[in-house]
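Source file entry.pdb; content: PDB, C-alpha atoms, pLDDT in the B column.
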ATOM      1  CA  MET Z   8     -40.730 -15.727 -20.020  1.00 52.00           C
ATOM      2  CA  ASP Z   9     -38.148 -14.892 -22.681  1.00 56.00           C
ATOM      3  CA  THR Z  10     -34.692 -13.889 -21.563  1.00 59.00           C
ATOM      4  CA  PRO Z  11     -32.681 -11.747 -23.942  1.00 58.00           C
ATOM      5  CA  THR Z  12     -29.388 -13.257 -24.997  1.00 62.00           C
ATOM      6  CA  GLU Z  13     -27.778  -9.965 -25.994  1.00 69.00           C
ATOM      7  CA  TYR Z  14     -27.813  -6.632 -24.254  1.00 74.00           C
ATOM      8  CA  SER Z  15     -27.684  -3.519 -26.361  1.00 82.00           C
ATOM      9  CA  VAL Z  16     -25.788  -0.892 -24.396  1.00 85.00           C
ATOM     10  CA  PRO Z  17     -24.943   2.338 -26.194  1.00 88.00           C
ATOM     11  CA  LEU Z  18     -21.210   3.009 -26.090  1.00 91.00           C
ATOM     12  CA  TRP Z  19     -21.270   6.576 -27.398  1.00 92.00           C
ATOM     13  CA  PRO Z  20     -21.471   8.131 -23.881  1.00 93.00           C
ATOM     14  CA  LEU Z  21     -18.263   6.322 -22.938  1.00 94.00           C
ATOM     15  CA  PHE Z  22     -16.477   7.533 -26.063  1.00 96.00           C
ATOM     16  CA  LEU Z  23     -17.795  11.075 -25.536  1.00 97.00           C
ATOM     17  CA  TYR Z  24     -16.551  11.025 -21.939  1.00 97.00           C
ATOM     18  CA  GLY Z  25     -13.134   9.787 -23.092  1.00 97.00           C
ATOM     19  CA  ILE Z  26     -12.887  12.521 -25.719  1.00 98.00           C
ATOM     20  CA  ILE Z  27     -13.828  15.193 -23.163  1.00 98.00           C
ATOM     21  CA  VAL Z  28     -11.246  13.910 -20.650  1.00 97.00           C
ATOM     22  CA  LEU Z  29      -8.473  13.710 -23.245  1.00 98.00           C
ATOM     23  CA  SER Z  30      -9.280  17.198 -24.550  1.00 98.00           C
ATOM     24  CA  LEU Z  31      -9.201  18.636 -21.016  1.00 98.00           C
ATOM     25  CA  VAL Z  32      -5.854  16.957 -20.323  1.00 97.00           C
ATOM     26  CA  GLY Z  33      -4.476  18.264 -23.604  1.00 97.00           C
ATOM     27  CA  ALA Z  34      -5.768  21.778 -22.877  1.00 97.00           C
ATOM     28  CA  MET Z  35      -4.171  21.794 -19.411  1.00 96.00           C
ATOM     29  CA  LEU Z  36      -0.824  20.549 -20.714  1.00 95.00           C
ATOM     30  CA  GLY Z  37      -0.898  22.972 -23.639  1.00 96.00           C
ATOM     31  CA  LEU Z  38      -1.773  25.971 -21.463  1.00 95.00           C
ATOM     32  CA  SER Z  39       0.937  25.139 -18.960  1.00 93.00           C
ATOM     33  CA  TYR Z  40       3.449  24.895 -21.808  1.00 92.00           C
ATOM     34  CA  VAL Z  41       2.375  28.200 -23.363  1.00 93.00           C
ATOM     35  CA  LEU Z  42       1.937  30.176 -20.148  1.00 91.00           C
ATOM     36  CA  GLY Z  43       4.683  28.557 -18.063  1.00 86.00           C
ATOM     37  CA  GLN Z  44       7.946  30.233 -17.160  1.00 80.00           C
ATOM     38  CA  ARG Z  45      11.134  29.254 -18.918  1.00 79.00           C
ATOM     39  CA  HIS Z  46      14.356  29.873 -17.057  1.00 76.00           C
ATOM     40  CA  ASN Z  47      17.603  28.037 -16.590  1.00 76.00           C
ATOM     41  CA  ASP Z  48      19.083  29.258 -13.337  1.00 75.00           C
ATOM     42  CA  ARG Z  49      21.933  27.593 -11.508  1.00 72.00           C
ATOM     43  CA  ALA Z  50      19.663  25.555  -9.203  1.00 67.00           C
ATOM     44  CA  THR Z  51      16.922  24.719 -11.727  1.00 70.00           C
ATOM     45  CA  GLY Z  52      18.095  21.165 -12.282  1.00 70.00           C
ATOM     46  CA  ASP Z  53      18.787  20.419  -8.603  1.00 70.00           C
ATOM     47  CA  PRO Z  54      16.194  18.569  -6.557  1.00 70.00           C
ATOM     48  CA  TYR Z  55      14.410  20.648  -3.922  1.00 69.00           C
ATOM     49  CA  GLU Z  56      15.221  19.400  -0.434  1.00 66.00           C
ATOM     50  CA  GLY Z  57      13.533  21.969   1.800  1.00 71.00           C
ATOM     51  CA  GLY Z  58      16.113  24.663   1.082  1.00 69.00           C
ATOM     52  CA  ILE Z  59      19.053  22.489   2.091  1.00 71.00           C
ATOM     53  CA  LEU Z  60      21.749  21.919  -0.484  1.00 70.00           C
ATOM     54  CA  SER Z  61      22.082  18.240  -1.226  1.00 69.00           C
ATOM     55  CA  THR Z  62      25.416  16.577  -0.615  1.00 72.00           C
ATOM     56  CA  GLY Z  63      26.553  13.096  -1.492  1.00 69.00           C
ATOM     57  CA  SER Z  64      24.688  10.488  -3.449  1.00 71.00           C
ATOM     58  CA  ALA Z  65      21.090   9.410  -3.069  1.00 68.00           C
ATOM     59  CA  ARG Z  66      22.101   5.843  -3.904  1.00 74.00           C
ATOM     60  CA  ILE Z  67      22.156   4.140  -0.536  1.00 74.00           C
ATOM     61  CA  ARG Z  68      21.648   0.490   0.242  1.00 75.00           C
ATOM     62  CA  PHE Z  69      18.593  -0.532   2.190  1.00 70.00           C
ATOM     63  CA  SER Z  70      18.488  -3.540   4.436  1.00 71.00           C
ATOM     64  CA  SER Z  71      16.640  -6.565   3.104  1.00 73.00           C
ATOM     65  CA  GLN Z  72      14.420  -6.313   6.206  1.00 73.00           C
ATOM     66  CA  PHE Z  73      12.964  -3.121   4.729  1.00 76.00           C
ATOM     67  CA  TYR Z  74      11.801  -4.980   1.628  1.00 79.00           C
ATOM     68  CA  LEU Z  75      10.514  -7.899   3.694  1.00 78.00           C
ATOM     69  CA  VAL Z  76       8.376  -5.601   5.844  1.00 77.00           C
ATOM     70  CA  ALA Z  77       7.106  -3.842   2.716  1.00 81.00           C
ATOM     71  CA  MET Z  78       6.112  -7.181   1.127  1.00 82.00           C
ATOM     72  CA  LEU Z  79       4.360  -8.308   4.301  1.00 81.00           C
ATOM     73  CA  PHE Z  80       2.471  -5.021   4.411  1.00 84.00           C
ATOM     74  CA  VAL Z  81       1.309  -5.416   0.817  1.00 84.00           C
ATOM     75  CA  ILE Z  82       0.283  -9.036   1.383  1.00 81.00           C
ATOM     76  CA  PHE Z  83      -1.768  -8.262   4.483  1.00 81.00           C
ATOM     77  CA  ASP Z  84      -3.185  -5.141   2.841  1.00 85.00           C
ATOM     78  CA  VAL Z  85      -4.502  -7.194  -0.087  1.00 85.00           C
ATOM     79  CA  GLU Z  86      -6.119  -9.622   2.337  1.00 87.00           C
ATOM     80  CA  THR Z  87      -7.948  -6.691   3.894  1.00 87.00           C
ATOM     81  CA  VAL Z  88      -9.534  -6.028   0.503  1.00 88.00           C
ATOM     82  CA  PHE Z  89     -10.825  -9.614   0.419  1.00 87.00           C
ATOM     83  CA  ILE Z  90     -12.304  -9.260   3.892  1.00 89.00           C
ATOM     84  CA  PHE Z  91     -14.040  -6.013   2.902  1.00 90.00           C
ATOM     85  CA  ALA Z  92     -15.482  -7.702  -0.171  1.00 89.00           C
ATOM     86  CA  TRP Z  93     -16.824 -10.498   2.047  1.00 89.00           C
ATOM     87  CA  ALA Z  94     -18.319  -7.957   4.451  1.00 90.00           C
ATOM     88  CA  ILE Z  95     -20.149  -6.233   1.609  1.00 91.00           C
ATOM     89  CA  ALA Z  96     -21.617  -9.513   0.286  1.00 90.00           C
ATOM     90  CA  PHE Z  97     -22.225 -10.976   3.762  1.00 87.00           C
ATOM     91  CA  ARG Z  98     -25.983 -11.553   3.412  1.00 89.00           C
ATOM     92  CA  GLU Z  99     -25.759 -13.110  -0.052  1.00 91.00           C
ATOM     93  CA  LEU Z 100     -22.972 -15.514   0.891  1.00 89.00           C
ATOM     94  CA  GLY Z 101     -24.670 -16.959   3.948  1.00 89.00           C
ATOM     95  CA  TRP Z 102     -23.012 -19.630   6.090  1.00 90.00           C
ATOM     96  CA  TYR Z 103     -20.761 -20.847   3.268  1.00 91.00           C
ATOM     97  CA  GLY Z 104     -19.241 -17.388   2.994  1.00 90.00           C
ATOM     98  CA  TYR Z 105     -18.895 -17.189   6.767  1.00 91.00           C
ATOM     99  CA  ALA Z 106     -17.097 -20.551   6.868  1.00 93.00           C
ATOM    100  CA  GLY Z 107     -14.843 -19.479   3.998  1.00 91.00           C
ATOM    101  CA  VAL Z 108     -13.806 -16.212   5.606  1.00 91.00           C
ATOM    102  CA  THR Z 109     -13.274 -18.000   8.934  1.00 93.00           C
ATOM    103  CA  VAL Z 110     -10.851 -20.435   7.278  1.00 94.00           C
ATOM    104  CA  PHE Z 111      -9.223 -17.472   5.530  1.00 91.00           C
ATOM    105  CA  LEU Z 112      -8.730 -15.586   8.810  1.00 91.00           C
ATOM    106  CA  ILE Z 113      -7.404 -18.698  10.567  1.00 93.00           C
ATOM    107  CA  LEU Z 114      -4.837 -19.120   7.779  1.00 91.00           C
ATOM    108  CA  LEU Z 115      -3.863 -15.446   8.125  1.00 88.00           C
ATOM    109  CA  VAL Z 116      -3.316 -15.840  11.859  1.00 89.00           C
ATOM    110  CA  VAL Z 117      -1.288 -19.046  11.347  1.00 91.00           C
ATOM    111  CA  VAL Z 118       0.915 -17.340   8.742  1.00 86.00           C
ATOM    112  CA  LEU Z 119       1.357 -14.298  10.974  1.00 85.00           C
ATOM    113  CA  ILE Z 120       2.421 -16.496  13.904  1.00 88.00           C
ATOM    114  CA  TYR Z 121       4.825 -18.387  11.619  1.00 86.00           C
ATOM    115  CA  GLU Z 122       6.394 -15.148  10.362  1.00 81.00           C
ATOM    116  CA  TRP Z 123       6.655 -13.819  13.899  1.00 82.00           C
ATOM    117  CA  ARG Z 124       8.401 -16.960  15.177  1.00 84.00           C
ATOM    118  CA  ALA Z 125      10.675 -17.105  12.130  1.00 80.00           C
ATOM    119  CA  GLY Z 126      11.847 -13.569  12.947  1.00 76.00           C
ATOM    120  CA  ALA Z 127      10.479 -11.906   9.841  1.00 74.00           C
ATOM    121  CA  LEU Z 128       8.879  -9.172  11.928  1.00 73.00           C
ATOM    122  CA  ASP Z 129      12.004  -8.426  13.992  1.00 72.00           C
ATOM    123  CA  PHE Z 130      13.496  -5.433  12.266  1.00 64.00           C
ATOM    124  CA  GLY Z 131      14.849  -3.631  15.313  1.00 66.00           C
ATOM    125  CA  PRO Z 132      17.071  -4.445  18.253  1.00 65.00           C
ATOM    126  CA  ASP Z 133      16.114  -7.379  20.427  1.00 66.00           C
ATOM    127  CA  GLY Z 134      13.794  -6.436  23.286  1.00 64.00           C
ATOM    128  CA  LYS Z 135      15.866  -8.332  25.848  1.00 70.00           C
ATOM    129  CA  LYS Z 136      18.968  -6.377  24.830  1.00 72.00           C
ATOM    130  CA  ILE Z 137      17.071  -3.129  25.301  1.00 69.00           C
ATOM    131  CA  LEU Z 138      15.911  -4.187  28.775  1.00 71.00           C
ATOM    132  CA  LYS Z 139      19.470  -5.189  29.785  1.00 77.00           C
ATOM    133  CA  ALA Z 140      20.820  -1.855  28.608  1.00 76.00           C
ATOM    134  CA  TYR Z 141      18.049  -0.002  30.431  1.00 73.00           C
ATOM    135  CA  LYS Z 142      18.702  -1.894  33.661  1.00 79.00           C
ATOM    136  CA  ARG Z 143      22.442  -1.257  33.334  1.00 80.00           C
ATOM    137  CA  ILE Z 144      21.858   2.487  32.867  1.00 78.00           C
ATOM    138  CA  THR Z 145      19.438   2.697  35.793  1.00 78.00           C
ATOM    139  CA  LYS Z 146      21.902   0.852  38.076  1.00 78.00           C
ATOM    140  CA  GLN Z 147      24.670   3.289  37.170  1.00 75.00           C
ATOM    141  CA  THR Z 148      22.562   6.355  37.979  1.00 69.00           C
ATOM    142  CA  THR Z 149      21.436   5.062  41.396  1.00 64.00           C
TER     143      THR Z 149
END

What does the file become when written as structure tokens?
Amino acid sequence: MDTPTEYSVPLWPLFLYGIIVLSLVGAMLGLSYVLGQRHNDRATGDPYEGGILSTGSARIRFSSQFYLVAMLFVIFDVETVFIFAWAIAFRELGWYGYAGVTVFLILLVVVLIYEWRAGALDFGPDGKKILKAYKRITKQTT
């Protein structure tokens, strides 16, 4: 049985598709430029904030906890993609794939526990402080 070493795939459909997409994008941009309204009112350059006039600066400092939570979300979100890929190829991977994803999930749980104990997931007030304040308020009202 001879196996071909080269595959001959026609590329003209891909180029035709690209030309059609680019021409449609160009037509939409051109029509919006030609048919669009041109005005320079007082509030044209201001950002729209639901009808409320903006005051102050939009340059505020965020806590580093915000960025830490965002990074953790992205990291665990990417791992979800790997688990979905394993689930799709489950039958082809067999027991080796099952062992690999088990080790992967164990590592995820270990890292999550480490981050939890290190305080990386504590981005609000301490729960014990909340309970003390709640008990103090309930004692005052009774």

Need the shell around Phe111 in chain Z: protein/DNA/RNA residues with any atom at most 12 Å away, counting all atoms listed in the file. Skip same-chain ones fewer than 4 positions apart. Format as a list in words? Phe83, Glu86, Thr87, Phe89, Ile90, Trp93, Gly104, Tyr105, Ala106, Gly107, Leu115, Val116, Val117 and Val118 of chain Z

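For the pair CA of Leu114 in chain Z and CA of Ala94 in chain Z, the interatomic distance is 17.8 Å.
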
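If you apply the PyMOL selection byres ((chain Z and resi 79) around 12) to this structure, you end up with Gln72, Phe73, Tyr74, Leu75, Val76, Ala77, Met78, Phe80, Val81, Ile82, Phe83, Asp84, Val85, Glu86, Leu115, Val118, Leu119, Glu122, Trp123, Ala127 and Leu128 of chain Z.
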
For the selection just defined, write its residues with C-alpha atoms to a file, as a PDB file, in the coordinates of the input.
ATOM      1  CA  GLN Z  72      14.420  -6.313   6.206  1.00 73.00           C
ATOM      2  CA  PHE Z  73      12.964  -3.121   4.729  1.00 76.00           C
ATOM      3  CA  TYR Z  74      11.801  -4.980   1.628  1.00 79.00           C
ATOM      4  CA  LEU Z  75      10.514  -7.899   3.694  1.00 78.00           C
ATOM      5  CA  VAL Z  76       8.376  -5.601   5.844  1.00 77.00           C
ATOM      6  CA  ALA Z  77       7.106  -3.842   2.716  1.00 81.00           C
ATOM      7  CA  MET Z  78       6.112  -7.181   1.127  1.00 82.00           C
ATOM      8  CA  PHE Z  80       2.471  -5.021   4.411  1.00 84.00           C
ATOM      9  CA  VAL Z  81       1.309  -5.416   0.817  1.00 84.00           C
ATOM     10  CA  ILE Z  82       0.283  -9.036   1.383  1.00 81.00           C
ATOM     11  CA  PHE Z  83      -1.768  -8.262   4.483  1.00 81.00           C
ATOM     12  CA  ASP Z  84      -3.185  -5.141   2.841  1.00 85.00           C
ATOM     13  CA  VAL Z  85      -4.502  -7.194  -0.087  1.00 85.00           C
ATOM     14  CA  GLU Z  86      -6.119  -9.622   2.337  1.00 87.00           C
ATOM     15  CA  LEU Z 115      -3.863 -15.446   8.125  1.00 88.00           C
ATOM     16  CA  VAL Z 118       0.915 -17.340   8.742  1.00 86.00           C
ATOM     17  CA  LEU Z 119       1.357 -14.298  10.974  1.00 85.00           C
ATOM     18  CA  GLU Z 122       6.394 -15.148  10.362  1.00 81.00           C
ATOM     19  CA  TRP Z 123       6.655 -13.819  13.899  1.00 82.00           C
ATOM     20  CA  ALA Z 127      10.479 -11.906   9.841  1.00 74.00           C
ATOM     21  CA  LEU Z 128       8.879  -9.172  11.928  1.00 73.00           C
TER      22      LEU Z 128
END

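You will find CA of Arg124 in chain Z at 21.1 Å from CA of Val110 in chain Z.
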
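Interatomic distance, CA of Ser64 in chain Z against CA of Arg45 in chain Z: 27.8 Å.
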
Mind filling out range 19-40 of chain Z with N, CA, C and O atoms and sending it as an mmCIF file, keeping the file's coordinate frame?
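In the end it all went to result37.cif:
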data_model
loop_
_atom_site.group_PDB
_atom_site.id
_atom_site.type_symbol
_atom_site.label_atom_id
_atom_site.label_comp_id
_atom_site.auth_asym_id
_atom_site.auth_seq_id
_atom_site.Cartn_x
_atom_site.Cartn_y
_atom_site.Cartn_z
ATOM 1 N N TRP Z 19 -21.659 5.215 -27.065
ATOM 2 C CA TRP Z 19 -21.270 6.576 -27.398
ATOM 3 C C TRP Z 19 -21.066 7.458 -26.167
ATOM 4 O O TRP Z 19 -20.200 8.342 -26.221
ATOM 5 N N PRO Z 20 -21.801 7.288 -25.050
ATOM 6 C CA PRO Z 20 -21.471 8.131 -23.881
ATOM 7 C C PRO Z 20 -20.064 7.880 -23.347
ATOM 8 O O PRO Z 20 -19.382 8.814 -22.907
ATOM 9 N N LEU Z 21 -19.613 6.641 -23.397
ATOM 10 C CA LEU Z 21 -18.263 6.322 -22.938
ATOM 11 C C LEU Z 21 -17.213 6.978 -23.830
ATOM 12 O O LEU Z 21 -16.242 7.554 -23.344
ATOM 13 N N PHE Z 22 -17.422 6.901 -25.134
ATOM 14 C CA PHE Z 22 -16.477 7.533 -26.063
ATOM 15 C C PHE Z 22 -16.495 9.054 -25.910
ATOM 16 O O PHE Z 22 -15.450 9.703 -25.959
ATOM 17 N N LEU Z 23 -17.691 9.636 -25.728
ATOM 18 C CA LEU Z 23 -17.795 11.075 -25.536
ATOM 19 C C LEU Z 23 -17.069 11.499 -24.265
ATOM 20 O O LEU Z 23 -16.330 12.493 -24.258
ATOM 21 N N TYR Z 24 -17.249 10.738 -23.203
ATOM 22 C CA TYR Z 24 -16.551 11.025 -21.939
ATOM 23 C C TYR Z 24 -15.040 10.945 -22.132
ATOM 24 O O TYR Z 24 -14.291 11.808 -21.659
ATOM 25 N N GLY Z 25 -14.562 9.920 -22.833
ATOM 26 C CA GLY Z 25 -13.134 9.787 -23.092
ATOM 27 C C GLY Z 25 -12.581 10.952 -23.894
ATOM 28 O O GLY Z 25 -11.494 11.459 -23.608
ATOM 29 N N ILE Z 26 -13.329 11.396 -24.895
ATOM 30 C CA ILE Z 26 -12.887 12.521 -25.719
ATOM 31 C C ILE Z 26 -12.828 13.798 -24.882
ATOM 32 O O ILE Z 26 -11.872 14.586 -24.985
ATOM 33 N N ILE Z 27 -13.823 14.004 -24.014
ATOM 34 C CA ILE Z 27 -13.828 15.193 -23.163
ATOM 35 C C ILE Z 27 -12.634 15.168 -22.201
ATOM 36 O O ILE Z 27 -11.942 16.176 -22.018
ATOM 37 N N VAL Z 28 -12.371 14.019 -21.588
ATOM 38 C CA VAL Z 28 -11.246 13.910 -20.650
ATOM 39 C C VAL Z 28 -9.927 14.160 -21.365
ATOM 40 O O VAL Z 28 -9.072 14.916 -20.883
ATOM 41 N N LEU Z 29 -9.727 13.521 -22.508
ATOM 42 C CA LEU Z 29 -8.473 13.710 -23.245
ATOM 43 C C LEU Z 29 -8.301 15.151 -23.709
ATOM 44 O O LEU Z 29 -7.187 15.692 -23.690
ATOM 45 N N SER Z 30 -9.400 15.803 -24.120
ATOM 46 C CA SER Z 30 -9.280 17.198 -24.550
ATOM 47 C C SER Z 30 -8.963 18.115 -23.369
ATOM 48 O O SER Z 30 -8.191 19.061 -23.510
ATOM 49 N N LEU Z 31 -9.536 17.835 -22.197
ATOM 50 C CA LEU Z 31 -9.201 18.636 -21.016
ATOM 51 C C LEU Z 31 -7.738 18.445 -20.607
ATOM 52 O O LEU Z 31 -7.051 19.410 -20.256
ATOM 53 N N VAL Z 32 -7.258 17.213 -20.651
ATOM 54 C CA VAL Z 32 -5.854 16.957 -20.323
ATOM 55 C C VAL Z 32 -4.948 17.668 -21.322
ATOM 56 O O VAL Z 32 -3.960 18.311 -20.938
ATOM 57 N N GLY Z 33 -5.272 17.584 -22.587
ATOM 58 C CA GLY Z 33 -4.476 18.264 -23.604
ATOM 59 C C GLY Z 33 -4.494 19.772 -23.433
ATOM 60 O O GLY Z 33 -3.468 20.449 -23.587
ATOM 61 N N ALA Z 34 -5.670 20.336 -23.087
ATOM 62 C CA ALA Z 34 -5.768 21.778 -22.877
ATOM 63 C C ALA Z 34 -4.925 22.208 -21.675
ATOM 64 O O ALA Z 34 -4.231 23.232 -21.727
ATOM 65 N N MET Z 35 -4.962 21.429 -20.587
ATOM 66 C CA MET Z 35 -4.171 21.794 -19.411
ATOM 67 C C MET Z 35 -2.674 21.722 -19.700
ATOM 68 O O MET Z 35 -1.911 22.606 -19.311
ATOM 69 N N LEU Z 36 -2.246 20.663 -20.387
ATOM 70 C CA LEU Z 36 -0.824 20.549 -20.714
ATOM 71 C C LEU Z 36 -0.387 21.637 -21.684
ATOM 72 O O LEU Z 36 0.702 22.215 -21.549
ATOM 73 N N GLY Z 37 -1.230 21.927 -22.674
ATOM 74 C CA GLY Z 37 -0.898 22.972 -23.639
ATOM 75 C C GLY Z 37 -0.827 24.344 -22.998
ATOM 76 O O GLY Z 37 0.097 25.128 -23.273
ATOM 77 N N LEU Z 38 -1.799 24.668 -22.135
ATOM 78 C CA LEU Z 38 -1.773 25.971 -21.463
ATOM 79 C C LEU Z 38 -0.576 26.102 -20.531
ATOM 80 O O LEU Z 38 0.032 27.173 -20.445
ATOM 81 N N SER Z 39 -0.225 25.048 -19.841
ATOM 82 C CA SER Z 39 0.937 25.139 -18.960
ATOM 83 C C SER Z 39 2.220 25.308 -19.768
ATOM 84 O O SER Z 39 3.144 25.986 -19.334
ATOM 85 N N TYR Z 40 2.264 24.729 -20.962
ATOM 86 C CA TYR Z 40 3.449 24.895 -21.808
ATOM 87 C C TYR Z 40 3.524 26.321 -22.350
ATOM 88 O O TYR Z 40 4.587 26.940 -22.364
#
